[in-house]
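Participant: Dropping a structure here in structure tokens format, bear with me for questions.
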Amino acid sequence: MTSSASESSDNPTAAGWIAVVGLGPGRPEWLVPEAATYLEEATDFVGYHTYLAMVPAALRHDQVVHGSDNREELDRARFALQLASEGRRVAVISSGDPGVFAMASALFEAQTDEQVRPHWAALDIIVVPGITAALATAARVGAPLGHDWCTISLSDNLKPWSIIEKRLGHALAADFVLALYNPVSRRRPTQLAVAFEIIRAHRDRSTPIVLGRDVGRPDEHIEIVELGDVDLGRCDMRTVILVGSSTTRIDDLGGHRRVFTPRSYPLT
Ligand code: SAH
């Protein structure tokens, strides 16, 4: 695997390359330096319009932007592979981390579909990590993910709702802290309430809940509430929800309301 964009592009034998780049949640300070290098070196940007608008650097006249709708992941992946196979240096853009409910998997899926384009299989896909929404939100409030946790997308666009309910139930029964992505959308207005019925069946009313909306962006809004007081109307697709485990605590410390999950777990 190539270790840097400049090595890759300086290599005269290299044809195009493809890097799937995580922008982090939104703040330029939360973009890893390696991501900035690939953004600088790319000739083409491929991604969802909203994420392309978050690319921090000004575009050069020789950089081409190919925006598309968020629901066209596999088409977008095939398009990016085709561009790279034609010798272009392609940055595929995701928010947060590109491996978390994002484009990295879609690229590998499209690449393995050799029936479609056998020559794509030779392309080296570089995955550039980013700070995922759960980690950014956790850092804002303290250390809620300091013990075992798991992440579940509540979107049933790509998996059946029955699987989501099953995973929620098992994760709650195992006393993980949960990070819930894609909590609610206009197409799925009611499922978040169903998810919270399952959560209430497993957790006390005093369980800490963190609603992180637009974290790291200008409109950032973070709420810390107890499960008994949570207002689901405040959640949308720009929100990530953290649900505490049985040991997660809320305390007023250093002038802030803090949420943390202790490092040790009660021995039975
Ligand atoms: N790859 C992204 C996740 C994409 S799925 C990442 O690693 O963060 C989209 C979901 O991520 C949203 O519905 C929301 O739940 C969450 N999300 C992404 N960015 C966010 C942000 N800045 N603030 C709050 N939630 C965010």
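So you can find residues: chains in the structure tokens are A, B, ... in the order shown, residues in each start at 1, and ligands are numbered from 1 in order.
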Could you tell me, counting only C-alpha atoms and all ligand atoms, which protein and nucleic acid residues lie no more than 6 Å from ligand 1, written as an MDAnalysis selection string?
Facilitator: chainID A and resid 25:26 94:98 100:102 132:133 181:183 212:216 237:240
Participant: Please, could you write that set of residues out with N, CA, C and O atoms as a CSV table (one decimal), in the first residue's frame?
Facilitator:
```csv
chain,number,residue,atom,x,y,z
A,25,PRO,N,-15.8,15.1,11.4
A,25,PRO,CA,-17.1,15.6,11.6
A,25,PRO,C,-17.4,17.0,10.9
A,25,PRO,O,-18.5,17.3,10.6
A,26,GLY,N,-16.3,17.8,10.7
A,26,GLY,CA,-16.5,19.1,10.1
A,26,GLY,C,-15.5,20.1,10.4
A,26,GLY,O,-15.2,20.9,9.5
A,94,SER,N,-15.9,11.1,2.3
A,94,SER,CA,-16.9,10.7,3.3
A,94,SER,C,-16.8,11.7,4.4
A,94,SER,O,-15.7,12.2,4.7
A,95,SER,N,-17.9,11.8,5.2
A,95,SER,CA,-17.7,12.6,6.4
A,95,SER,C,-17.2,11.6,7.5
A,95,SER,O,-17.3,10.4,7.4
A,96,GLY,N,-16.7,12.1,8.6
A,96,GLY,CA,-16.3,11.3,9.7
A,96,GLY,C,-15.2,10.3,9.2
A,96,GLY,O,-14.2,10.7,8.6
A,97,ASP,N,-15.4,9.0,9.5
A,97,ASP,CA,-14.4,8.0,9.0
A,97,ASP,C,-15.1,7.3,7.8
A,97,ASP,O,-16.2,7.0,7.8
A,98,PRO,N,-14.3,7.1,6.7
A,98,PRO,CA,-14.9,6.5,5.5
A,98,PRO,C,-15.2,5.0,5.7
A,98,PRO,O,-15.9,4.5,4.8
A,100,VAL,N,-16.9,3.9,8.4
A,100,VAL,CA,-18.0,3.8,9.3
A,100,VAL,C,-19.3,4.2,8.5
A,100,VAL,O,-19.5,5.4,8.3
A,101,PHE,N,-20.1,3.3,8.1
A,101,PHE,CA,-21.3,3.5,7.4
A,101,PHE,C,-21.1,4.5,6.2
A,101,PHE,O,-21.8,5.5,6.1
A,102,ALA,N,-20.1,4.2,5.4
A,102,ALA,CA,-19.6,5.2,4.4
A,102,ALA,C,-19.0,4.5,3.2
A,102,ALA,O,-19.2,3.3,3.0
A,132,THR,N,-14.7,9.7,13.6
A,132,THR,CA,-16.1,9.4,13.4
A,132,THR,C,-17.0,10.2,14.4
A,132,THR,O,-16.5,10.6,15.5
A,133,ALA,N,-18.3,10.4,14.0
A,133,ALA,CA,-19.2,11.2,14.8
A,133,ALA,C,-19.2,10.8,16.3
A,133,ALA,O,-19.3,11.7,17.2
A,181,TYR,N,-26.2,5.7,15.0
A,181,TYR,CA,-26.1,6.6,13.8
A,181,TYR,C,-27.4,6.6,13.0
A,181,TYR,O,-28.2,5.6,13.1
A,182,ASN,N,-27.6,7.5,12.1
A,182,ASN,CA,-28.7,7.6,11.2
A,182,ASN,C,-30.0,7.4,12.0
A,182,ASN,O,-30.8,6.5,11.6
A,183,PRO,N,-30.2,8.2,13.0
A,183,PRO,CA,-31.3,7.8,13.9
A,183,PRO,C,-32.7,8.0,13.3
A,183,PRO,O,-33.6,7.2,13.7
A,212,GLY,N,-25.8,14.5,20.0
A,212,GLY,CA,-24.8,15.3,19.4
A,212,GLY,C,-25.3,15.7,18.0
A,212,GLY,O,-25.4,14.8,17.1
A,213,ARG,N,-25.6,16.9,17.8
A,213,ARG,CA,-26.1,17.3,16.4
A,213,ARG,C,-25.0,18.3,15.8
A,213,ARG,O,-24.6,19.2,16.4
A,214,ASP,N,-24.7,18.0,14.5
A,214,ASP,CA,-23.7,18.8,13.8
A,214,ASP,C,-22.5,19.1,14.6
A,214,ASP,O,-21.9,20.2,14.6
A,215,VAL,N,-22.0,18.0,15.2
A,215,VAL,CA,-20.8,18.1,16.1
A,215,VAL,C,-19.6,18.5,15.2
A,215,VAL,O,-19.4,18.0,14.1
A,216,GLY,N,-18.9,19.5,15.7
A,216,GLY,CA,-17.7,20.0,15.0
A,216,GLY,C,-18.0,21.0,13.8
A,216,GLY,O,-17.2,21.4,13.1
A,237,MET,N,-31.2,13.5,11.1
A,237,MET,CA,-30.1,12.7,10.4
A,237,MET,C,-28.8,13.3,10.7
A,237,MET,O,-27.7,12.7,10.3
A,238,ARG,N,-28.7,14.5,11.3
A,238,ARG,CA,-27.4,15.1,11.6
A,238,ARG,C,-27.1,14.9,13.1
A,238,ARG,O,-26.2,15.6,13.6
A,239,THR,N,-27.8,14.0,13.7
A,239,THR,CA,-27.6,13.7,15.1
A,239,THR,C,-27.0,12.3,15.3
A,239,THR,O,-27.4,11.3,14.7
A,240,VAL,N,-26.1,12.2,16.2
A,240,VAL,CA,-25.7,10.9,16.7
A,240,VAL,C,-26.1,10.8,18.2
A,240,VAL,O,-26.1,11.8,18.9
```
Participant: Identify, on the basis of only C-alpha atoms, every residue whose closest approach to A:Tyr38 does not exceed 7 Å; exclude the query and any residue fewer than 3 positions from it along the same chain; express the result as a PDB file with N, CA, C and O atoms, in the first residue's frame.
Facilitator:
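Output (out-v1.pdb):
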```
ATOM      1  N   ALA A   5       0.309  10.353  -0.557  1.00  0.00           N
ATOM      2  CA  ALA A   5      -0.203  10.733  -1.868  1.00  0.00           C
ATOM      3  C   ALA A   5       0.924  11.149  -2.780  1.00  0.00           C
ATOM      4  O   ALA A   5       0.936  10.831  -3.964  1.00  0.00           O
ATOM      5  N   GLU A  34      -2.931  13.430   6.816  1.00  0.00           N
ATOM      6  CA  GLU A  34      -2.849  12.579   5.625  1.00  0.00           C
ATOM      7  C   GLU A  34      -4.033  12.846   4.682  1.00  0.00           C
ATOM      8  O   GLU A  34      -3.890  12.833   3.456  1.00  0.00           O
ATOM      9  N   ALA A  35      -5.202  13.104   5.266  1.00  0.00           N
ATOM     10  CA  ALA A  35      -6.381  13.404   4.438  1.00  0.00           C
ATOM     11  C   ALA A  35      -6.131  14.693   3.657  1.00  0.00           C
ATOM     12  O   ALA A  35      -6.440  14.785   2.462  1.00  0.00           O
ATOM     13  N   GLU A  41      -3.592  16.464  -3.510  1.00  0.00           N
ATOM     14  CA  GLU A  41      -3.039  15.761  -4.677  1.00  0.00           C
ATOM     15  C   GLU A  41      -4.091  15.301  -5.676  1.00  0.00           C
ATOM     16  O   GLU A  41      -3.763  14.950  -6.807  1.00  0.00           O
ATOM     17  N   ALA A  42      -5.347  15.266  -5.253  1.00  0.00           N
ATOM     18  CA  ALA A  42      -6.393  14.681  -6.111  1.00  0.00           C
ATOM     19  C   ALA A  42      -6.661  15.554  -7.332  1.00  0.00           C
ATOM     20  O   ALA A  42      -6.555  16.779  -7.282  1.00  0.00           O
ATOM     21  N   ALA A  91     -10.142  11.366  -5.135  1.00  0.00           N
ATOM     22  CA  ALA A  91     -10.459  11.367  -3.697  1.00  0.00           C
ATOM     23  C   ALA A  91     -11.958  11.159  -3.552  1.00  0.00           C
ATOM     24  O   ALA A  91     -12.750  11.980  -4.013  1.00  0.00           O
TER      25      ALA A  91
END
```
Participant: I'd like to know which residues of stretch 2-109 of chain A are helix (DSSP H, G or I) (by DSSP, run on the backbone); could you write them as a compact mmCIF listing (two decimals) with N, CA and C atoms, in the first residue's frame?
Facilitator:
```txt
# COMPACT_ATOMS: atom_id res chain seq x y z
N ALA A 5 0.31 10.35 -0.56
CA ALA A 5 -0.20 10.73 -1.87
C ALA A 5 0.92 11.15 -2.78
N SER A 6 1.94 11.87 -2.22
CA SER A 6 2.97 12.37 -3.11
C SER A 6 3.82 11.23 -3.64
N GLU A 7 4.10 10.20 -2.77
CA GLU A 7 4.84 9.04 -3.27
C GLU A 7 4.10 8.43 -4.46
N SER A 8 2.77 8.31 -4.25
CA SER A 8 1.97 7.68 -5.28
C SER A 8 2.00 8.47 -6.58
N SER A 9 1.81 9.79 -6.45
CA SER A 9 1.71 10.56 -7.69
C SER A 9 3.07 10.82 -8.30
N ASP A 10 4.18 10.72 -7.49
CA ASP A 10 5.52 10.90 -8.06
C ASP A 10 5.98 9.67 -8.83
N PRO A 28 -12.04 21.84 10.47
CA PRO A 28 -10.77 21.58 9.78
C PRO A 28 -9.70 21.03 10.73
N GLU A 29 -9.75 21.46 12.00
CA GLU A 29 -8.75 20.96 12.97
C GLU A 29 -8.90 19.46 13.22
N TRP A 30 -10.05 18.92 12.88
CA TRP A 30 -10.30 17.50 13.10
C TRP A 30 -10.14 16.69 11.82
N PRO A 33 -3.87 15.04 8.96
CA PRO A 33 -2.96 15.60 7.95
C PRO A 33 -2.87 14.74 6.68
N GLU A 34 -2.93 13.43 6.82
CA GLU A 34 -2.85 12.58 5.62
C GLU A 34 -4.03 12.85 4.68
N ALA A 35 -5.20 13.10 5.27
CA ALA A 35 -6.38 13.40 4.44
C ALA A 35 -6.13 14.69 3.66
N ALA A 36 -5.56 15.68 4.33
CA ALA A 36 -5.28 16.96 3.66
C ALA A 36 -4.34 16.74 2.48
N THR A 37 -3.36 15.86 2.63
CA THR A 37 -2.42 15.59 1.54
C THR A 37 -3.13 15.00 0.33
N TYR A 38 -4.01 14.03 0.58
CA TYR A 38 -4.74 13.42 -0.54
C TYR A 38 -5.68 14.43 -1.21
N LEU A 39 -6.30 15.30 -0.40
CA LEU A 39 -7.19 16.31 -0.99
C LEU A 39 -6.41 17.24 -1.90
N GLU A 40 -5.19 17.55 -1.48
CA GLU A 40 -4.32 18.43 -2.25
C GLU A 40 -3.90 17.77 -3.57
N GLU A 41 -3.59 16.46 -3.51
CA GLU A 41 -3.04 15.76 -4.68
C GLU A 41 -4.09 15.30 -5.68
N HIS A 49 -23.03 15.55 -2.40
CA HIS A 49 -22.90 17.02 -2.49
C HIS A 49 -22.56 17.66 -1.13
N THR A 50 -23.31 17.27 -0.10
CA THR A 50 -23.15 17.89 1.22
C THR A 50 -21.73 17.70 1.75
N TYR A 51 -21.15 16.51 1.53
CA TYR A 51 -19.80 16.25 2.04
C TYR A 51 -18.76 16.98 1.20
N LEU A 52 -19.01 17.06 -0.12
CA LEU A 52 -18.05 17.79 -0.97
C LEU A 52 -17.98 19.26 -0.55
N GLU A 73 -24.58 5.00 -3.51
CA GLU A 73 -23.20 4.67 -3.12
C GLU A 73 -22.47 3.77 -4.12
N LEU A 74 -23.14 2.69 -4.56
CA LEU A 74 -22.42 1.76 -5.44
C LEU A 74 -22.14 2.36 -6.81
N ASP A 75 -23.10 3.13 -7.32
CA ASP A 75 -22.87 3.82 -8.60
C ASP A 75 -21.69 4.77 -8.48
N ARG A 76 -21.67 5.49 -7.35
CA ARG A 76 -20.59 6.46 -7.12
C ARG A 76 -19.25 5.73 -7.02
N ALA A 77 -19.25 4.58 -6.37
CA ALA A 77 -18.01 3.80 -6.23
C ALA A 77 -17.52 3.34 -7.61
N ARG A 78 -18.44 2.86 -8.44
CA ARG A 78 -18.04 2.39 -9.79
C ARG A 78 -17.50 3.56 -10.62
N PHE A 79 -18.13 4.68 -10.47
CA PHE A 79 -17.68 5.87 -11.21
C PHE A 79 -16.25 6.24 -10.78
N ALA A 80 -16.00 6.20 -9.48
CA ALA A 80 -14.66 6.55 -8.97
C ALA A 80 -13.62 5.54 -9.47
N LEU A 81 -13.98 4.27 -9.45
CA LEU A 81 -13.04 3.24 -9.94
C LEU A 81 -12.73 3.44 -11.42
N GLN A 82 -13.76 3.79 -12.16
CA GLN A 82 -13.55 4.01 -13.60
C GLN A 82 -12.60 5.19 -13.82
N LEU A 83 -12.82 6.28 -13.08
CA LEU A 83 -11.94 7.45 -13.22
C LEU A 83 -10.49 7.08 -12.91
N ALA A 84 -10.29 6.35 -11.81
CA ALA A 84 -8.92 5.98 -11.42
C ALA A 84 -8.29 5.07 -12.46
N SER A 85 -9.08 4.19 -13.04
CA SER A 85 -8.53 3.27 -14.04
C SER A 85 -8.17 4.02 -15.33
N MET A 103 -18.25 5.25 2.43
CA MET A 103 -17.89 4.83 1.08
C MET A 103 -16.82 3.74 0.98
N ALA A 104 -16.02 3.52 2.01
CA ALA A 104 -14.91 2.56 1.84
C ALA A 104 -15.45 1.17 1.48
N SER A 105 -16.45 0.71 2.21
CA SER A 105 -17.01 -0.62 1.90
C SER A 105 -17.58 -0.66 0.49
N ALA A 106 -18.27 0.41 0.11
CA ALA A 106 -18.89 0.43 -1.22
C ALA A 106 -17.83 0.29 -2.32
N LEU A 107 -16.67 0.91 -2.10
CA LEU A 107 -15.60 0.81 -3.11
C LEU A 107 -15.09 -0.62 -3.23
N PHE A 108 -14.88 -1.27 -2.08
CA PHE A 108 -14.39 -2.65 -2.15
C PHE A 108 -15.45 -3.57 -2.75
N GLU A 109 -16.71 -3.31 -2.42
CA GLU A 109 -17.78 -4.12 -3.02
C GLU A 109 -17.77 -3.97 -4.53
```
Participant: Please return, as JSON, numbers by chain, all residues of stretch 10-232 of chain A that DSSP assigns to strand (DSSP E) on the basis of the backbone.
Facilitator: {"A": [17, 18, 19, 20, 21, 22, 44, 45, 46, 47, 48, 64, 65, 66, 67, 68, 89, 90, 91, 92, 93, 94, 125, 126, 127, 128, 142, 143, 149, 150, 151, 152, 153, 177, 178, 179, 180, 181, 208, 209, 210, 211, 212, 213, 221, 222, 223, 224, 225, 226]}
Participant: Which residues are near A:Leu192? Cut-off 9 Å, only C-alpha atoms, ignore same chain within fewer than 2 positions. Put them as an mmCIF file with all heavy atoms, in the first residue's frame.
Facilitator:
```
data_model
loop_
_atom_site.group_PDB
_atom_site.id
_atom_site.type_symbol
_atom_site.label_atom_id
_atom_site.label_comp_id
_atom_site.auth_asym_id
_atom_site.auth_seq_id
_atom_site.Cartn_x
_atom_site.Cartn_y
_atom_site.Cartn_z
ATOM 1 N N LEU A 154 -29.366 3.006 12.666
ATOM 2 C CA LEU A 154 -30.810 2.729 12.732
ATOM 3 C C LEU A 154 -31.471 2.800 11.362
ATOM 4 O O LEU A 154 -32.678 2.688 11.256
ATOM 5 C CB LEU A 154 -31.494 3.705 13.695
ATOM 6 C CG LEU A 154 -31.095 3.625 15.166
ATOM 7 C CD1 LEU A 154 -32.035 4.481 16.010
ATOM 8 C CD2 LEU A 154 -31.127 2.183 15.681
ATOM 9 N N PRO A 183 -30.244 8.170 13.010
ATOM 10 C CA PRO A 183 -31.342 7.836 13.926
ATOM 11 C C PRO A 183 -32.739 7.989 13.328
ATOM 12 O O PRO A 183 -33.625 7.211 13.662
ATOM 13 C CB PRO A 183 -31.154 8.828 15.087
ATOM 14 C CG PRO A 183 -30.375 9.964 14.520
ATOM 15 C CD PRO A 183 -29.492 9.353 13.450
ATOM 16 N N VAL A 184 -32.930 8.966 12.449
ATOM 17 C CA VAL A 184 -34.296 9.237 11.983
ATOM 18 C C VAL A 184 -34.197 10.019 10.688
ATOM 19 O O VAL A 184 -33.233 10.759 10.460
ATOM 20 C CB VAL A 184 -35.065 10.038 13.071
ATOM 21 C CG1 VAL A 184 -34.497 11.427 13.262
ATOM 22 C CG2 VAL A 184 -36.552 10.111 12.795
ATOM 23 N N ARG A 188 -38.197 7.671 7.439
ATOM 24 C CA ARG A 188 -38.316 6.738 8.570
ATOM 25 C C ARG A 188 -38.673 7.532 9.838
ATOM 26 O O ARG A 188 -37.865 7.654 10.752
ATOM 27 C CB ARG A 188 -36.978 6.015 8.810
ATOM 28 C CG ARG A 188 -36.444 5.253 7.656
ATOM 29 C CD ARG A 188 -35.127 4.581 7.993
ATOM 30 N NE ARG A 188 -33.993 5.482 8.001
ATOM 31 C CZ ARG A 188 -33.325 5.875 9.078
ATOM 32 N NH1 ARG A 188 -33.674 5.441 10.274
ATOM 33 N NH2 ARG A 188 -32.317 6.699 8.980
ATOM 34 N N PRO A 189 -39.873 8.079 9.888
ATOM 35 C CA PRO A 189 -40.182 8.995 11.001
ATOM 36 C C PRO A 189 -40.466 8.296 12.329
ATOM 37 O O PRO A 189 -40.373 8.925 13.378
ATOM 38 C CB PRO A 189 -41.424 9.743 10.495
ATOM 39 C CG PRO A 189 -42.062 8.817 9.519
ATOM 40 C CD PRO A 189 -40.975 7.978 8.919
ATOM 41 N N THR A 190 -40.841 7.024 12.320
ATOM 42 C CA THR A 190 -41.370 6.406 13.550
ATOM 43 C C THR A 190 -40.408 5.424 14.224
ATOM 44 O O THR A 190 -40.621 5.041 15.375
ATOM 45 C CB THR A 190 -42.663 5.636 13.232
ATOM 46 O OG1 THR A 190 -42.370 4.690 12.189
ATOM 47 C CG2 THR A 190 -43.771 6.575 12.772
ATOM 48 N N VAL A 194 -39.543 3.457 18.328
ATOM 49 C CA VAL A 194 -39.539 2.013 18.581
ATOM 50 C C VAL A 194 -38.188 1.606 19.190
ATOM 51 O O VAL A 194 -38.122 0.838 20.159
ATOM 52 C CB VAL A 194 -39.795 1.227 17.269
ATOM 53 C CG1 VAL A 194 -39.722 -0.270 17.520
ATOM 54 C CG2 VAL A 194 -41.135 1.625 16.668
ATOM 55 N N ALA A 195 -37.122 2.163 18.645
ATOM 56 C CA ALA A 195 -35.780 1.858 19.185
ATOM 57 C C ALA A 195 -35.707 2.274 20.658
ATOM 58 O O ALA A 195 -35.155 1.539 21.499
ATOM 59 C CB ALA A 195 -34.718 2.588 18.368
ATOM 60 N N PHE A 196 -36.288 3.433 20.978
ATOM 61 C CA PHE A 196 -36.222 3.883 22.376
ATOM 62 C C PHE A 196 -37.127 3.067 23.294
ATOM 63 O O PHE A 196 -36.844 2.964 24.485
ATOM 64 C CB PHE A 196 -36.483 5.400 22.478
ATOM 65 C CG PHE A 196 -35.173 6.143 22.507
ATOM 66 C CD1 PHE A 196 -34.479 6.377 21.327
ATOM 67 C CD2 PHE A 196 -34.595 6.558 23.699
ATOM 68 C CE1 PHE A 196 -33.241 7.013 21.340
ATOM 69 C CE2 PHE A 196 -33.367 7.189 23.722
ATOM 70 C CZ PHE A 196 -32.675 7.421 22.545
ATOM 71 N N GLU A 197 -38.181 2.455 22.760
ATOM 72 C CA GLU A 197 -38.960 1.514 23.599
ATOM 73 C C GLU A 197 -38.074 0.344 24.004
ATOM 74 O O GLU A 197 -38.109 -0.109 25.152
ATOM 75 C CB GLU A 197 -40.151 0.974 22.802
ATOM 76 C CG GLU A 197 -41.379 1.850 22.863
ATOM 77 C CD GLU A 197 -42.450 1.350 21.894
ATOM 78 O OE1 GLU A 197 -42.553 0.125 21.655
ATOM 79 O OE2 GLU A 197 -43.157 2.217 21.350
ATOM 80 N N LEU A 232 -37.179 13.003 21.698
ATOM 81 C CA LEU A 232 -36.704 12.452 20.422
ATOM 82 C C LEU A 232 -36.961 13.402 19.257
ATOM 83 O O LEU A 232 -36.346 13.273 18.201
ATOM 84 C CB LEU A 232 -37.374 11.093 20.152
ATOM 85 C CG LEU A 232 -37.065 10.012 21.190
ATOM 86 C CD1 LEU A 232 -37.754 8.712 20.816
ATOM 87 C CD2 LEU A 232 -35.555 9.790 21.322
ATOM 88 N N CYS A 235 -33.988 14.986 17.512
ATOM 89 C CA CYS A 235 -33.016 14.188 16.737
ATOM 90 C C CYS A 235 -33.368 14.236 15.252
ATOM 91 O O CYS A 235 -34.536 14.201 14.882
ATOM 92 C CB CYS A 235 -33.069 12.729 17.163
ATOM 93 S SG CYS A 235 -32.685 12.501 18.898
#
```
Participant: Skip stretch 118-130 of chain A itself and residues of its chain fewer than 6 positions away, then list as a list in words all residues within 6 Å of it, counting only C-alpha atoms.
Facilitator: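 The residues satisfying every condition are Ile18, Ala19, Val20, Val21, Gly22, Leu23, Gly24, Gly96, Asp97 and Gln111 of chain A.
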Participant: Skipping near chain neighbours, those fewer than 3 positions away, what residues fall within 9 Å of stretch 218-227 of chain A using only C-alpha atoms, listed as a ChimeraX atom specification?
Facilitator: /A:26-27,137,140-141,196,199-200,203-215,230-231,243,250,257-259
Participant: What's the 7 Å shell around stretch 45-48 of chain A, counting only C-alpha atoms, without same-chain residues fewer than 4 positions away, as a ChimeraX atom specification?
Facilitator: /A:52,64-70,80,90-94
